[in-house]
Amino acid sequence: MKKQVGIDYSLTSPAICVTNDFKFENSHFYFLTNKKKHMGKFGNIIGYEHQPYTNPIQRFTQISDWVLKILRLNHPDASKLAIAIENYSYGSKGQALFQIAENCGILKYRLSELKYDYNVIVPSVVKKLATGKGNADKEMMYEQFCKDTKTDLKKILDTEKAGNPVSDIVDSWYIAKANYGRL
């Protein structure tokens, strides 16, 4: 069976879930952050520091380098990973929308060049799978994650809100699940 990989890809707090069986304790989670308190190892969750950059392309390259490093860490054979990336959120506006698209485009290009197959899953599909509602907010997603995994990420990561990186970890979990349901 292939390892399931869910990627919640963003500029500020991308997160990756890698699992074989969708049991929290057997899964691995990775995210990028600028917050010192979230850097390091928290059991099966690892927070990596964003690297400094001088231009957008360098930033996008560093983020995609990080994803490729995590994928190779979990299995050097691309054919052994079932990868899913959440599609764009069309609520983004202005310059941010273009940067989000460029960032994800570079990742998709690099994945294809390295022969990684991937699926793209619409955010509403991920939310509906998790909560039954295609427009679920971060709190609803988090509450369902707590029920499904018996895990309190806010406690593990010592935070009050279900914002970054908690919501990104939750999303990566359900992206992997949504992809598994498609296979």
# chains A, B, ... in the order shown; residues from 1 in each chain; ligands from 1
$ closest_atom_pairs --of "range 136-156 of chain A" --to "range 16-31 of chain A" --cutoff "12 Å" --atoms "only C-alpha atoms" --output "JSON lines"
{"residue": "A:Phe145", "atom": "CA", "partner": "A:Phe24", "partner_atom": "CA", "distance": 9.8}
{"residue": "A:Cys146", "atom": "CA", "partner": "A:Phe24", "partner_atom": "CA", "distance": 10.2}
{"residue": "A:Lys147", "atom": "CA", "partner": "A:Phe24", "partner_atom": "CA", "distance": 11.4}
{"residue": "A:Asp148", "atom": "CA", "partner": "A:Phe24", "partner_atom": "CA", "distance": 9.0}
{"residue": "A:Thr149", "atom": "CA", "partner": "A:Phe24", "partner_atom": "CA", "distance": 5.8}
{"residue": "A:Lys150", "atom": "CA", "partner": "A:Phe24", "partner_atom": "CA", "distance": 8.3}
{"residue": "A:Thr151", "atom": "CA", "partner": "A:Phe24", "partner_atom": "CA", "distance": 7.7}
{"residue": "A:Asp152", "atom": "CA", "partner": "A:Phe24", "partner_atom": "CA", "distance": 10.9}
{"residue": "A:Leu153", "atom": "CA", "partner": "A:Phe24", "partner_atom": "CA", "distance": 10.9}
$ write_last_selection --atoms "C-alpha atoms" --output "PDB file, in the first residue's frame"
ATOM      1  CA  PHE A 145      -9.923  16.387  13.906  1.00  0.00           C
ATOM      2  CA  CYS A 146      -9.974  16.182  17.718  1.00  0.00           C
ATOM      3  CA  LYS A 147     -12.902  13.733  17.555  1.00  0.00           C
ATOM      4  CA  ASP A 148     -11.425  11.641  14.754  1.00  0.00           C
ATOM      5  CA  THR A 149      -7.902  11.401  16.185  1.00  0.00           C
ATOM      6  CA  LYS A 150      -8.495  11.852  19.930  1.00  0.00           C
ATOM      7  CA  THR A 151      -5.717  14.473  19.716  1.00  0.00           C
ATOM      8  CA  ASP A 152      -5.629  18.090  20.901  1.00  0.00           C
ATOM      9  CA  LEU A 153      -3.169  19.906  18.646  1.00  0.00           C
TER      10      LEU A 153
END
$ select_by_dssp --residues "range 20-182 of chain A" --states "strand (DSSP E or B)" --output "PyMOL selection string"
chain A and resi 28-33+40-42+45-49+81-86+118-121
$ residues_around --residues "Tyr48 in chain A" --least-positions-apart "4" --cutoff "7 Å" --atoms "only C-alpha atoms" --output "PDB file with N, CA and C atoms, in the first residue's frame"
ATOM      1  N   PHE A  31       5.590  21.006   9.187  1.00  0.00           N
ATOM      2  CA  PHE A  31       5.130  22.328   8.765  1.00  0.00           C
ATOM      3  C   PHE A  31       6.286  23.314   8.810  1.00  0.00           C
ATOM      4  N   LEU A  32       6.121  24.414   8.080  1.00  0.00           N
ATOM      5  CA  LEU A  32       7.080  25.517   8.109  1.00  0.00           C
ATOM      6  C   LEU A  32       6.488  26.651   8.919  1.00  0.00           C
ATOM      7  N   THR A  33       7.345  27.342   9.663  1.00  0.00           N
ATOM      8  CA  THR A  33       6.874  28.427  10.514  1.00  0.00           C
ATOM      9  C   THR A  33       7.962  29.472  10.726  1.00  0.00           C
ATOM     10  N   MET A  39       8.951  25.771  16.396  1.00  0.00           N
ATOM     11  CA  MET A  39      10.046  25.088  15.712  1.00  0.00           C
ATOM     12  C   MET A  39      10.522  23.937  16.571  1.00  0.00           C
ATOM     13  N   GLY A  40      10.753  22.799  15.941  1.00  0.00           N
ATOM     14  CA  GLY A  40      11.243  21.643  16.673  1.00  0.00           C
ATOM     15  C   GLY A  40      10.296  20.478  16.583  1.00  0.00           C
TER      16      GLY A  40
END
$ residues_around --residues "Val122 in chain A" --least-positions-apart "2" --cutoff "6 Å" --atoms "only C-alpha atoms" --output "JSON, numbers by chain"
{"A": [86, 87, 124, 125]}
$ residues_around --residues "Val67 in chain A" --least-positions-apart "6" --cutoff "9 Å" --atoms "only C-alpha atoms" --output "list in words"
Ile7, Pro14, Ala15, Ile16 and Leu107 of chain A
$ write_last_selection --atoms "N, CA, C and O atoms" --output "JSON list (two decimals), in the first residue's frame"
[["chain", "number", "residue", "atom", "x", "y", "z"],
["A", 7, "ILE", "N", -0.86, 17.54, 1.32],
["A", 7, "ILE", "CA", -0.08, 18.78, 1.37],
["A", 7, "ILE", "C", -1.03, 19.97, 1.38],
["A", 7, "ILE", "O", -1.78, 20.19, 0.43],
["A", 14, "PRO", "N", 2.94, 26.14, 5.19],
["A", 14, "PRO", "CA", 2.59, 24.87, 4.53],
["A", 14, "PRO", "C", 2.72, 23.71, 5.52],
["A", 14, "PRO", "O", 3.55, 23.76, 6.43],
["A", 15, "ALA", "N", 1.89, 22.70, 5.33],
["A", 15, "ALA", "CA", 1.95, 21.52, 6.20],
["A", 15, "ALA", "C", 1.78, 20.26, 5.37],
["A", 15, "ALA", "O", 1.12, 20.26, 4.33],
["A", 16, "ILE", "N", 2.40, 19.20, 5.86],
["A", 16, "ILE", "CA", 2.35, 17.90, 5.18],
["A", 16, "ILE", "C", 1.99, 16.83, 6.20],
["A", 16, "ILE", "O", 2.54, 16.80, 7.30],
["A", 107, "LEU", "N", 5.87, 24.14, -7.32],
["A", 107, "LEU", "CA", 5.84, 22.82, -6.68],
["A", 107, "LEU", "C", 5.33, 21.77, -7.65],
["A", 107, "LEU", "O", 5.95, 20.70, -7.79]]
$ select_by_dssp --residues "range 27-175 of chain A" --states "helix (DSSP H, G or I)" --output "PyMOL selection string"
chain A and resi 36-38+56-74+78-80+94-113+123-131+138-149+153-156+166-175
$ atom_distance --atom1 "CA of Val5 in chain A" --atom2 "CA of Ala82 in chain A"
5.9 Å
